[in-house]
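J.: Structure below; questions to follow.
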2 protein chains.
Amino acid sequence: MPKAVVSKSSKESSVSASLAKSGAKKLSRNGGAQPVSTKKSAASKYVYFFGGGKADGRAEMKNLLGGKGANLAEMTNIGLPVPPGFTITTEVCTYYYDNQLTYPKSLFEKDIPAALKKMEQLLGKKFGDAKNPLLVSVRSGARASMPGMMDTILNLGLNDETVAGLARLSGNERFAWDCYRRFVQMYGDVVLGLKPQNKKDIDPFEAIIESEKHERGIENDTALTADDLKDLVVKFKRAIKERTGNDFPTNPVEQLRGAIGAVFGSWNNDRAIVYRRMNNIPADWGTACNVQAMAFGNLGENSGTGVAFTRDPATGENIFYGEYLMNAQGEDVVAGTRTPLKISELQRTNAEIYAQLEKIRKTLEKHYKEMMDIEFTIEQGQLFMLQCRVGKRTGFAAIKIALDMKDEKLISEKEALMRIEPEQLNQLLRPIFDSKEKREASEKGRLMAKGLNAGPGAATGKVYFNASDAEDAAQRGERVILVRIETSPEDIRGMAVAEGILTARGGMTSHAALVARQMGKVCVAGCEPLEISYENSRMKVRGKDFLIREGDYISIDGSTGEVFEGEITTKPSEVAQVLFQKSLKPEQSEVYRMYDRLMQWADKYRRLKIRTNADQPDQAAHALAFGAEGIGLCRTEHMFFGGDRIDAVREMILASDEAGRRAALAKILPYQRVDFYGIFKAMNGLPVTIRLIDPPLHEFLPHSEKEQRDLAAKVHKTFEEVHQRVESLHEFNPMLGFRGCRLGIIFPEITEMQTRAILEAACNAQKDGIVVKPEIMIPLIGTTKELELQAKLIHEVAAKVFTEKGRTVSYMVGTMIEVPRAALTAGEIAGVAEFFSFGTNDLTQMTLGLSRDDAGRFLPFYVEKEIYARDPFETIDQQGVGKLMQMASSDGRKTNPKLKLGICGEHGGEPASVEFCHKIGLDYVSCSPFRVPVARLAAARAALR
Amino acid sequence: MPKAVVSKSSKESSVSASLAKSGAKKLSRNGGAQPVSTKKSAASKYVYFFGGGKADGRAEMKNLLGGKGANLAEMTNIGLPVPPGFTITTEVCTYYYDNQLTYPKSLFEKDIPAALKKMEQLLGKKFGDAKNPLLVSVRSGARASMPGMMDTILNLGLNDETVAGLARLSGNERFAWDCYRRFVQMYGDVVLGLKPQNKKDIDPFEAIIESEKHERGIENDTALTADDLKDLVVKFKRAIKERTGNDFPTNPVEQLRGAIGAVFGSWNNDRAIVYRRMNNIPADWGTACNVQAMAFGNLGENSGTGVAFTRDPATGENIFYGEYLMNAQGEDVVAGTRTPLKISELQRTNAEIYAQLEKIRKTLEKHYKEMMDIEFTIEQGQLFMLQCRVGKRTGFAAIKIALDMKDEKLISEKEALMRIEPEQLNQLLRPIFDSKEKREASEKGRLMAKGLNAGPGAATGKVYFNASDAEDAAQRGERVILVRIETSPEDIRGMAVAEGILTARGGMTSHAALVARQMGKVCVAGCEPLEISYENSRMKVRGKDFLIREGDYISIDGSTGEVFEGEITTKPSEVAQVLFQKSLKPEQSEVYRMYDRLMQWADKYRRLKIRTNADQPDQAAHALAFGAEGIGLCRTEHMFFGGDRIDAVREMILASDEAGRRAALAKILPYQRVDFYGIFKAMNGLPVTIRLIDPPLHEFLPHSEKEQRDLAAKVHKTFEEVHQRVESLHEFNPMLGFRGCRLGIIFPEITEMQTRAILEAACNAQKDGIVVKPEIMIPLIGTTKELELQAKLIHEVAAKVFTEKGRTVSYMVGTMIEVPRAALTAGEIAGVAEFFSFGTNDLTQMTLGLSRDDAGRFLPFYVEKEIYARDPFETIDQQGVGKLMQMASSDGRKTNPKLKLGICGEHGGEPASVEFCHKIGLDYVSCSPFRVPVARLAAARAALR
């Protein structure tokens, strides 16, 4: 294409006129800035030209032109050197599928010939011309990037005549024939369907090349001479004739028609369908097809090709980051057969081209106000841009780039916030593995299995299979990974001392996952291949040779779900070092300063308050450091497991009458009062929502015979009595059983004790100068009457406590909305409740009829098949659960306009759910301490959107 | 009161004028026929007079006058001999409680004196007059009958002077003093509060009587002379003075004021509060207070008193049915110290009075168009009516009376239908115990325990504790009662052969209860006191001495929940003898003919279709005989337990891959095809809704080690493999687990097999001339996508089957709506579903977060405390579950106006739920075969209401 730019100026005026005309036409049809997204109409424009400094399309027209086509047009318009060409719209693709694989009449009769003619005029070449042939690439390009999923054909336009012209023009016969043989091969594979469907079968063209090399006694393709290549072309064509019964098409127009059909056809190949399903890309979007003049990077040492990012995509640093190879085509850079050079090298070897690229980099960033990913080709010293798109980046880079671009005044604060996916924040917050050690571990086959990435971060330590062994080991100063088939509240203390938690069963919201996230622990849950034997204190991995005994080291990555044999060094996040360990000062950590700026911006725009789910003062302190504005869920029963309390709790459950229960409850009261005092103190001035006891009582009782015997001795009962009581508390569906407010209705003395503990603690704290704002929350309310009964009891106890203490504390009484019926009757319930807190974990389970502990058998498949668009335990099912939330919010506020609304389910820290909560008008979201920063950012983005 | 009527005529005109005036006043205030039910207004009329052939009130004014007062007014108006009096309205009661127990100003100043004056004028007596004293009774009378709950004072107006007048007038001094001493005693007890609150304490007046009798050396009250009685009055008064510090009030007006206060006060005594709570009577209704001239039935042998029904309340027969005693007061008839005579006797002994009563009976029935319950008194040969109200009756009598009254043209067909509570129909349909034997069993202490009346009817037989022993015993010709701690699908065959089923655990919709009702079996479920030991094959009753071993007789009453030791003779219903046993011809059974007429009438008016839940051809046949118009729920998995099928089912579950599952499914296919053929044949021409497999797979696997070992041997696996598979299928909350359509989504081959079996059977049946209307129902749908996937599969299989069979059968594909999310997204689901069937059992469990198997610990308390107005598993929770049903129906029909809507939960046979289903526009309800008649009647009543 050496003459392309030369010929451009001579043709410019007529081309401009032509382009201007078509541009006017387009504008009159589209009206404004919105891209054409309606389905084809009679007046559709099917082909969008770009070249000669002007393009029919522009970046915003991705829906119609695909990402690649739209950006080729945009680059053309902003004056970057783009080889001319045209884009056949996605509407043609849709038309093609809607009309038995045919095209609109004008496409090949008028639109494409006209576009080709413009290319010819701009380049001074001619399609099919033996002397100065125009060669083109034909590439797919959908609205969303689908890398490698669809087909591409290069060097189209070559045949036995034009190959000679190319040889002449390039002065390189071998190059010309290599192009030709590549084209025939590619065309044969892709358009004529010779590529084997089964990966095990060999490509017929590769077989021919192999036999040719064998005949010639050579090893590398590069050793093939021009004559060898000519011979290959002959053989390739013969193979095509044999296999298809037809000659290889020599007419470039016929070649082009075939290639366009292949590109549209590849929209529905198996790979593409699977990819679309995985990425939620609708089938009816279709792909565009880009036909563009070829630029050759393999025309000698003053040619080359490269890919680059306008900033470092890993660190976000504002440097030009990329690689290139001279005398090479794009695939060579990617293939890794030759080691590409760093882009900085180009500055040394070809300062002029580098300067051009640097200028383009600046232009692009200034124009797109984004970090861009580009592809370029140098053809005999001339630079061509072949692609640009927004560059993918790590979470860390995303944050740094957004902050830097704000400082560079490329974007505003608001735009910066919208550039960062809230989940990306985690990369600033979590301990991580030393990446080199981790890669080595993988390479050495130490990756044992993969489970669910339930609690992000990296942890390494010695394996213990039960909570008390884990505690002992931690006492000895060991780092511990607690490994359980599944966890239960009895394991809490073991989990608290562990670096990480690994379970073989349970989903993303299993007990282990929930508690781990709340504690900020690393957790891999539901790692099904693990075969754990408690008796032998060891685990194996199904189908593999690993054997891990108690005390052996393993390392788990809660961000990826990976489980490794042995130790891998971890590093805490700098944010944690500043905020909690105080081992780093803010000014010492750029990471912390980035985090802090971002949070300050987010707080400026968000409307939602962010609270945290915390049961202990230390959790509350962590959450506060992360910016929590209150506690949205303090689970009182988690406190039941500390110290000797569990004995009193068990005594209460085993009591045969109310007097016995009251005696046991009296022992628990002081513990709870101290806990609440600690939390009030930590949250001084901020609201604290305390949920009364929720789980079914059997969760507090031991299940093994030995434990039951021990317990019997402790509480002066026979083993049979204890055993009988445990059995009698067994439930078929505990989720729907005797729990939540039902406990407080049947045993009001429990509610009394808990209320007393809360309000006595509140009075004591207030006396000590602490500002307390207790909000007492009743779980599992399904009817107004339940709430009435419990609220009445609470108010009675409150009156007593205030009289005894001689002071009054203002408090609220409200309810979880977690039973569908509560949402359905929220209008009535709001007549009694002062606040609602959506318990979306249970609300999801009941609304979807889906036990999170049992769904493992089908939920992954359901998500994969898009039966649920996303895991409903990860993000709120807006259509079902969300509808109930919306009804409840609006009905509740109708009754009680002052009703405070919040969410305390795990969804409270998930960005899409936070946005939904903002949209339906909640006052706050509450999430585990380590999700608070994510929720702050998500809330800001929701407000800005 | 001998002069009452004599004096009446002389005063008539002035009284009439006075009454006319007040009547006019009343009419102008009330305007129309509606009773005054608004709370007191400034212009309220507090006292309604009746007497002299005219009354201010009338029967419709129950809300204001109470039942008794309204009917006294009505009887007066229709010319019956009612002693004159007046009713103080319920509004006064409400006023009394709203205003610190005070009365409206005019009440005692104006209204009561005026009414008393009218009474005096009518009767020619005077209140407090020593010569001719007016004596009155003061009685409560609420809107709804609350028998015996509130207080009554008789003979008011007596004092030391008036008692002499009464003695003179009656010519019986002893009578007069007996009246007086009774009055002082009653007044002392009720108004002055001397009656001990604690039942163990003795009434002070009774103590005085006892000591008097002891002194006099006599045994019976009747032996006390006039002087004795005078002495008693003195002692009574002294006791009053001692206890209260006040003298007994001698002023009749003061007495009256006290008595009225006591009546209003008794509205809030403990008994009344409990009764109201049990019967859903609002506290703010209040009671009226009736003050009426006394009529004495104890004035000698030409006096008397009686109670009667205008028809036989037990059989409904059109005969005058009642009892009387001469020379007695009302309480003597009830007390049972003297044996009352049959009313027919009166015809012989006092033809004139009898003729009057007969005439009144006719008048009342003609006027009220109802069977009435009356109280009358004969005072010295003169008849007075003291009370009339609609008579309570057995279900049987209700039906007979309604049918007869229609024939007598007293009421229309529609009114007849509205007179019968659908549940009353059961009395025509169920086997029953011989009532004499049952009473004897109770008297002899053979009543062991009481459980839930889960499957109505009576059954007696030998106890067996497991299904296979039960089957063996039935084989030997024994009658069997299957006793289980709880049942599971494995027990089905044992249940099928049993006369009755008794379980220690589970609620009204437990497996045992559900299956029993569907099979029409007698069932007592959740009989908690039973202590069943499978190992020892015996049961005990907690806290009692019973010991029942395998093979011992017991008898269970599924209509009352009673469980008896030993045998009690049972009788099948005549309807069953005609319809199923064919041992009786319609013309031989009046009961059957009544049933049949009623059903014909019901069918004329109902809009809802009635279908049945049936899994087997014989159940279908029963339901058809009961008038079912299709099958609304055929549970295919119940078929999995017949014969050897369970082996194939288990093989399928244990298969390690799809091929293994398909091989096992191929064995099940022919069984299912035969089953479906049988059902299609039985239902020839009627729609049959077949639900694909629903329960979690573990329900099909054995749980004991022995059974697992046997199974392992059968399927050529190791015990460990089988055991491991059973363990791995364990679920925490199976209700929300891997079941319903989730099975068919993960294992499409199950859906394929079931669809094939259904449609092959349908083709075969059609070939044999049977008209088939299969409706394939997918359970547990929560998302549209699930239904799409399953529907697609079904249509594919259908196309194959139709090609193979060379014929086409029209069929529908629809879904259960039983997951809340399905109801919430019904608008979308209706785009795919051809019908919805509300599975209200599971919908209730999920919407309320309430496991029916586990709710036993709190549900009874919840119902008692009215946290749920009624058991939500018995009747649809209209506010919660009903709201979802309404949403789903209306959203579904918006998308698909042809959408067929039905219900197949247990609620489909419960009258209030049937009415709700009618109201929200369902097309049909489906219930167990034995509920079909009840549903037909309920549907008709819903349409008529």
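Every chain in the structure tokens takes a letter, A first, then B, and so on in the order presented; its residues are numbered from 1, and the ligands are numbered from 1 following the presented order.
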Taking only C-alpha atoms into account, find every residue of chain B that has an atom no more than 7 Å from chain A, and write it out as a ChimeraX atom specification.
T.: /B:731-738,746,782-783,785-786,819-821,824-825,846-851,853-855,857-858,867,880
J.: Would you mind exporting N, CA, C and O atoms of the selected residues as a short mmCIF file (atom, residue, chain, number, x, y, z; two decimals), in the first residue's frame?
T.:
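Saved result, result32.cif, follows:
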data_model
loop_
_atom_site.label_atom_id
_atom_site.label_comp_id
_atom_site.auth_asym_id
_atom_site.auth_seq_id
_atom_site.Cartn_x
_atom_site.Cartn_y
_atom_site.Cartn_z
N GLU B 731 -30.40 -33.15 52.41
CA GLU B 731 -30.56 -31.70 52.25
C GLU B 731 -30.92 -31.07 53.59
O GLU B 731 -31.63 -31.66 54.40
N PHE B 732 -30.46 -29.85 53.79
CA PHE B 732 -30.79 -29.12 55.01
C PHE B 732 -32.24 -28.68 55.00
O PHE B 732 -32.94 -28.72 55.99
N ASN B 733 -32.68 -28.21 53.84
CA ASN B 733 -34.05 -27.74 53.68
C ASN B 733 -34.64 -28.32 52.39
O ASN B 733 -34.71 -27.62 51.38
N PRO B 734 -35.01 -29.59 52.44
CA PRO B 734 -35.43 -30.25 51.20
C PRO B 734 -36.59 -29.52 50.50
O PRO B 734 -36.69 -29.56 49.27
N MET B 735 -37.42 -28.87 51.30
CA MET B 735 -38.52 -28.11 50.72
C MET B 735 -38.02 -27.09 49.69
O MET B 735 -38.69 -26.78 48.72
N LEU B 736 -36.82 -26.56 49.95
CA LEU B 736 -36.27 -25.51 49.08
C LEU B 736 -35.08 -26.06 48.29
O LEU B 736 -34.20 -25.31 47.90
N GLY B 737 -35.08 -27.37 48.09
CA GLY B 737 -33.89 -27.98 47.52
C GLY B 737 -34.02 -28.45 46.09
O GLY B 737 -34.70 -27.83 45.26
N PHE B 738 -33.39 -29.59 45.85
CA PHE B 738 -33.26 -30.13 44.49
C PHE B 738 -34.49 -30.98 44.20
O PHE B 738 -34.50 -32.18 44.43
N ILE B 746 -31.94 -30.58 35.32
CA ILE B 746 -30.61 -31.20 35.44
C ILE B 746 -30.61 -32.59 34.78
O ILE B 746 -29.62 -32.99 34.17
N GLY B 782 -39.91 -21.32 38.94
CA GLY B 782 -39.63 -20.04 39.59
C GLY B 782 -39.25 -18.97 38.58
O GLY B 782 -39.29 -17.78 38.88
N THR B 783 -38.86 -19.43 37.38
CA THR B 783 -38.45 -18.48 36.34
C THR B 783 -39.06 -18.94 35.02
O THR B 783 -39.29 -20.13 34.80
N LYS B 785 -37.64 -19.04 32.22
CA LYS B 785 -36.67 -19.84 31.49
C LYS B 785 -36.81 -21.34 31.80
O LYS B 785 -36.70 -22.18 30.91
N GLU B 786 -37.05 -21.65 33.06
CA GLU B 786 -37.24 -23.06 33.42
C GLU B 786 -38.38 -23.66 32.62
O GLU B 786 -38.29 -24.76 32.06
N VAL B 819 -44.07 -21.32 43.92
CA VAL B 819 -42.92 -20.57 44.42
C VAL B 819 -43.32 -19.09 44.35
O VAL B 819 -43.83 -18.66 43.31
N PRO B 820 -43.11 -18.34 45.42
CA PRO B 820 -43.55 -16.93 45.37
C PRO B 820 -43.05 -16.20 44.12
O PRO B 820 -43.78 -15.43 43.50
N ARG B 821 -41.81 -16.49 43.72
CA ARG B 821 -41.29 -15.79 42.56
C ARG B 821 -42.12 -16.06 41.30
O ARG B 821 -42.23 -15.20 40.42
N LEU B 824 -44.91 -13.73 41.43
CA LEU B 824 -44.47 -12.35 41.20
C LEU B 824 -44.15 -12.09 39.73
O LEU B 824 -44.23 -10.96 39.27
N THR B 825 -43.75 -13.14 39.00
CA THR B 825 -43.37 -12.95 37.60
C THR B 825 -44.36 -13.67 36.69
O THR B 825 -44.03 -14.05 35.56
N MET B 846 -43.77 -21.30 51.60
CA MET B 846 -42.69 -20.38 51.23
C MET B 846 -43.08 -18.93 51.52
O MET B 846 -42.25 -18.14 51.95
N THR B 847 -44.33 -18.59 51.28
CA THR B 847 -44.75 -17.20 51.49
C THR B 847 -44.74 -16.85 52.97
O THR B 847 -44.41 -15.73 53.35
N LEU B 848 -45.09 -17.83 53.79
CA LEU B 848 -45.13 -17.57 55.23
C LEU B 848 -43.84 -17.99 55.93
O LEU B 848 -43.69 -17.79 57.12
N GLY B 849 -42.94 -18.62 55.17
CA GLY B 849 -41.72 -19.12 55.78
C GLY B 849 -42.03 -20.15 56.85
O GLY B 849 -41.51 -20.10 57.95
N LEU B 850 -42.90 -21.08 56.51
CA LEU B 850 -43.51 -21.96 57.50
C LEU B 850 -43.52 -23.38 56.96
O LEU B 850 -44.27 -23.69 56.05
N SER B 851 -42.68 -24.23 57.54
CA SER B 851 -42.66 -25.63 57.14
C SER B 851 -43.81 -26.35 57.83
O SER B 851 -43.91 -26.36 59.05
N ASP B 853 -44.32 -29.34 58.24
CA ASP B 853 -43.90 -30.48 59.06
C ASP B 853 -43.26 -30.05 60.37
O ASP B 853 -43.11 -30.85 61.28
N ASP B 854 -42.84 -28.81 60.44
CA ASP B 854 -42.12 -28.35 61.63
C ASP B 854 -42.90 -27.35 62.46
O ASP B 854 -42.46 -26.95 63.52
N ALA B 855 -44.04 -26.92 61.93
CA ALA B 855 -44.74 -25.79 62.57
C ALA B 855 -45.45 -26.21 63.85
O ALA B 855 -45.94 -25.36 64.59
N ARG B 857 -44.61 -26.90 66.67
CA ARG B 857 -44.13 -26.34 67.92
C ARG B 857 -44.75 -24.98 68.23
O ARG B 857 -44.75 -24.55 69.36
N PHE B 858 -45.22 -24.28 67.19
CA PHE B 858 -45.77 -22.95 67.48
C PHE B 858 -47.08 -22.66 66.77
O PHE B 858 -47.82 -21.77 67.18
N ILE B 867 -52.57 -14.99 65.81
CA ILE B 867 -51.48 -14.42 65.02
C ILE B 867 -51.75 -14.78 63.57
O ILE B 867 -51.56 -13.96 62.67
N GLY B 880 -51.88 -12.70 52.56
CA GLY B 880 -50.52 -12.93 52.05
C GLY B 880 -50.52 -13.79 50.81
O GLY B 880 -50.32 -13.31 49.69
#
J.: Going by DSSP on the backbone, which residues of stretch 287-439 of chain A come out as alpha helix (DSSP H)? List them as a PyMOL selection string.
T.: chain A and resi 330-335+343-349+351-368+395-407+413-418+426-429+435-439
J.: Here is a test: counting only C-alpha atoms, which residue of A:Pro83, A:Gly306, A:Gly286, A:Gly193 is nearest to A:Gly66?
T.: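 Residue with the minimum atom-to-atom distance to A:Gly66: A:Gly286.
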J.: Quick check, in Å to one decimal: how far apart do atom CA of A:Ala576 and atom CA of A:Ser928 lie?
T.: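 For atom CA of A:Ala576 relative to atom CA of A:Ser928, the distance reads 15.4 Å.
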J.: For A:Lys604, which residue out of A:Lys414, A:Lys342, A:Lys805, A:Arg216 is the nearest one, using only C-alpha atoms?
T.: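 Closest to A:Lys604 of all the choices is A:Lys414.
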J.: Please identify all polymer residues within 12 Å of A:Ile401, counting only C-alpha atoms, omitting same-chain residues fewer than 4 positions from it, and present them as a PyMOL selection string.
T.: chain A and resi 310-319+365+369-372+391-397+405-411+415-417+419-420+594+598
J.: Going by DSSP on the backbone, which residues of stretch 424-656 of chain B come out as strand (DSSP E)? List them as a VMD selection string.
T.: chain B and resid 432 to 433 447 to 450 452 to 455 458 to 464 480 to 484 500 to 503 522 to 525 530 to 533 538 to 541 547 to 549 553 to 557 562 to 565 570 to 571 609 to 613 631 to 635
J.: Excluding B:Tyr46 and its own-chain neighbours fewer than 3 positions away, which residues fall within 7 Å of it when counting only C-alpha atoms? Please give them as a short mmCIF file (atom, residue, chain, number, x, y, z; two decimals) with all heavy atoms, in the first residue's frame.
T.:
data_model
loop_
_atom_site.label_atom_id
_atom_site.label_comp_id
_atom_site.auth_asym_id
_atom_site.auth_seq_id
_atom_site.Cartn_x
_atom_site.Cartn_y
_atom_site.Cartn_z
N ILE B 88 -82.16 -2.38 76.43
CA ILE B 88 -81.17 -1.29 76.45
C ILE B 88 -80.10 -1.67 75.42
O ILE B 88 -79.57 -2.78 75.44
CB ILE B 88 -80.55 -1.14 77.85
CG1 ILE B 88 -81.68 -0.96 78.88
CG2 ILE B 88 -79.59 0.05 77.89
CD1 ILE B 88 -81.19 -1.09 80.32
N THR B 89 -79.81 -0.76 74.51
CA THR B 89 -79.05 -1.14 73.32
C THR B 89 -77.58 -1.45 73.61
O THR B 89 -77.03 -1.05 74.64
CB THR B 89 -79.07 -0.02 72.26
OG1 THR B 89 -78.31 1.08 72.76
CG2 THR B 89 -80.48 0.44 71.95
N VAL B 92 -75.33 1.44 74.44
CA VAL B 92 -75.18 1.87 75.83
C VAL B 92 -73.99 1.13 76.46
O VAL B 92 -73.20 1.70 77.21
CB VAL B 92 -76.48 1.63 76.62
CG1 VAL B 92 -76.27 1.98 78.10
CG2 VAL B 92 -77.60 2.47 76.03
N LEU B 107 -80.54 7.94 80.25
CA LEU B 107 -80.94 6.55 80.40
C LEU B 107 -81.77 6.31 81.65
O LEU B 107 -82.90 5.83 81.57
CB LEU B 107 -79.71 5.64 80.42
CG LEU B 107 -80.02 4.14 80.39
CD1 LEU B 107 -80.58 3.72 79.03
CD2 LEU B 107 -78.78 3.31 80.72
#
J.: Find the residues near A:Thr76: any atom within 12 Å, counting only C-alpha atoms, skip ones fewer than 6 places away on the same chain, and give them as a PyMOL selection string.
T.: chain A and resi 49-59+69-70+82-86+360+364+384-388
J.: Please produce a file of those selected residues containing N, CA, C and O atoms, as a short mmCIF file (atom, residue, chain, number, x, y, z; two decimals), in the first residue's frame.
T.:
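Okay, selection15.cif is ready:
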data_model
loop_
_atom_site.label_atom_id
_atom_site.label_comp_id
_atom_site.auth_asym_id
_atom_site.auth_seq_id
_atom_site.Cartn_x
_atom_site.Cartn_y
_atom_site.Cartn_z
N PHE A 49 -18.65 4.29 4.96
CA PHE A 49 -17.29 4.42 4.44
C PHE A 49 -16.41 5.18 5.41
O PHE A 49 -16.87 6.04 6.15
N PHE A 50 -15.14 4.83 5.44
CA PHE A 50 -14.15 5.66 6.16
C PHE A 50 -12.87 5.74 5.34
O PHE A 50 -12.49 4.76 4.68
N GLY A 51 -12.23 6.89 5.38
CA GLY A 51 -10.98 7.04 4.63
C GLY A 51 -10.82 8.46 4.14
O GLY A 51 -11.80 9.22 4.02
N GLY A 52 -9.57 8.81 3.93
CA GLY A 52 -9.30 10.15 3.41
C GLY A 52 -9.66 11.22 4.41
O GLY A 52 -10.11 12.31 4.05
N GLY A 53 -9.54 10.91 5.70
CA GLY A 53 -9.75 11.94 6.72
C GLY A 53 -11.19 12.13 7.13
O GLY A 53 -11.49 12.92 8.01
N LYS A 54 -12.06 11.38 6.52
CA LYS A 54 -13.48 11.54 6.87
C LYS A 54 -14.16 10.18 6.89
O LYS A 54 -13.81 9.30 6.12
N ALA A 55 -15.17 10.08 7.74
CA ALA A 55 -15.88 8.80 7.81
C ALA A 55 -17.38 9.05 7.95
O ALA A 55 -17.79 10.07 8.51
N ASP A 56 -18.16 8.11 7.42
CA ASP A 56 -19.62 8.22 7.59
C ASP A 56 -20.03 8.01 9.05
O ASP A 56 -20.99 8.58 9.53
N GLY A 57 -19.28 7.15 9.70
CA GLY A 57 -19.67 6.78 11.08
C GLY A 57 -18.90 7.58 12.11
O GLY A 57 -18.13 8.48 11.80
N ARG A 58 -19.16 7.22 13.38
CA ARG A 58 -18.37 7.79 14.48
C ARG A 58 -18.45 6.86 15.69
O ARG A 58 -19.21 5.87 15.69
N ALA A 59 -17.68 7.19 16.70
CA ALA A 59 -17.50 6.26 17.83
C ALA A 59 -18.81 5.87 18.50
O ALA A 59 -18.97 4.74 18.96
N GLY A 69 -15.60 -1.05 13.84
CA GLY A 69 -16.02 -0.15 12.75
C GLY A 69 -16.21 1.27 13.26
O GLY A 69 -15.78 2.24 12.62
N ALA A 70 -16.83 1.41 14.40
CA ALA A 70 -17.11 2.73 14.94
C ALA A 70 -15.81 3.45 15.26
O ALA A 70 -15.66 4.65 14.99
N VAL A 82 -5.63 5.97 9.06
CA VAL A 82 -6.34 4.70 9.00
C VAL A 82 -6.45 4.28 7.54
O VAL A 82 -6.90 5.07 6.72
N PRO A 83 -6.07 3.06 7.19
CA PRO A 83 -6.27 2.62 5.80
C PRO A 83 -7.76 2.70 5.48
O PRO A 83 -8.59 2.31 6.33
N PRO A 84 -8.12 3.20 4.32
CA PRO A 84 -9.54 3.38 4.02
C PRO A 84 -10.27 2.04 3.92
O PRO A 84 -9.65 1.00 3.72
N GLY A 85 -11.58 2.12 4.05
CA GLY A 85 -12.38 0.91 3.98
C GLY A 85 -13.83 1.24 4.27
O GLY A 85 -14.22 2.41 4.27
N PHE A 86 -14.60 0.21 4.54
CA PHE A 86 -16.01 0.47 4.84
C PHE A 86 -16.53 -0.60 5.79
O PHE A 86 -15.96 -1.69 5.90
N ILE A 360 -0.16 10.21 18.55
CA ILE A 360 -1.46 9.53 18.44
C ILE A 360 -1.98 9.14 19.82
O ILE A 360 -3.16 9.28 20.12
N LEU A 364 -5.45 10.35 21.13
CA LEU A 364 -6.51 9.39 21.49
C LEU A 364 -7.01 9.63 22.91
O LEU A 364 -8.21 9.68 23.17
N PHE A 384 0.21 3.09 10.11
CA PHE A 384 -1.25 2.95 9.96
C PHE A 384 -1.87 2.45 11.26
O PHE A 384 -1.32 1.56 11.90
N MET A 385 -3.02 3.04 11.61
CA MET A 385 -3.76 2.59 12.79
C MET A 385 -4.83 1.61 12.33
O MET A 385 -5.64 1.91 11.46
N LEU A 386 -4.82 0.41 12.94
CA LEU A 386 -5.77 -0.62 12.50
C LEU A 386 -6.91 -0.84 13.50
O LEU A 386 -7.91 -1.46 13.19
N GLN A 387 -6.74 -0.37 14.70
CA GLN A 387 -7.76 -0.64 15.71
C GLN A 387 -7.50 0.24 16.91
O GLN A 387 -6.35 0.54 17.21
N CYS A 388 -8.57 0.68 17.54
CA CYS A 388 -8.41 1.24 18.88
C CYS A 388 -9.68 0.94 19.68
O CYS A 388 -10.76 0.86 19.11
#
J.: To one decimal in Å, tell me the separation between atom CA of A:Ala939 and atom CA of A:Ala525.
T.: 27.9 Å
J.: Calculate how many Å separate atom CA of A:Ala470 from atom CA of A:Glu490, rounding to one decimal.
T.: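 Taking atom CA of A:Ala470 as the start and atom CA of A:Glu490 as the end point, the length is 12.7 Å.
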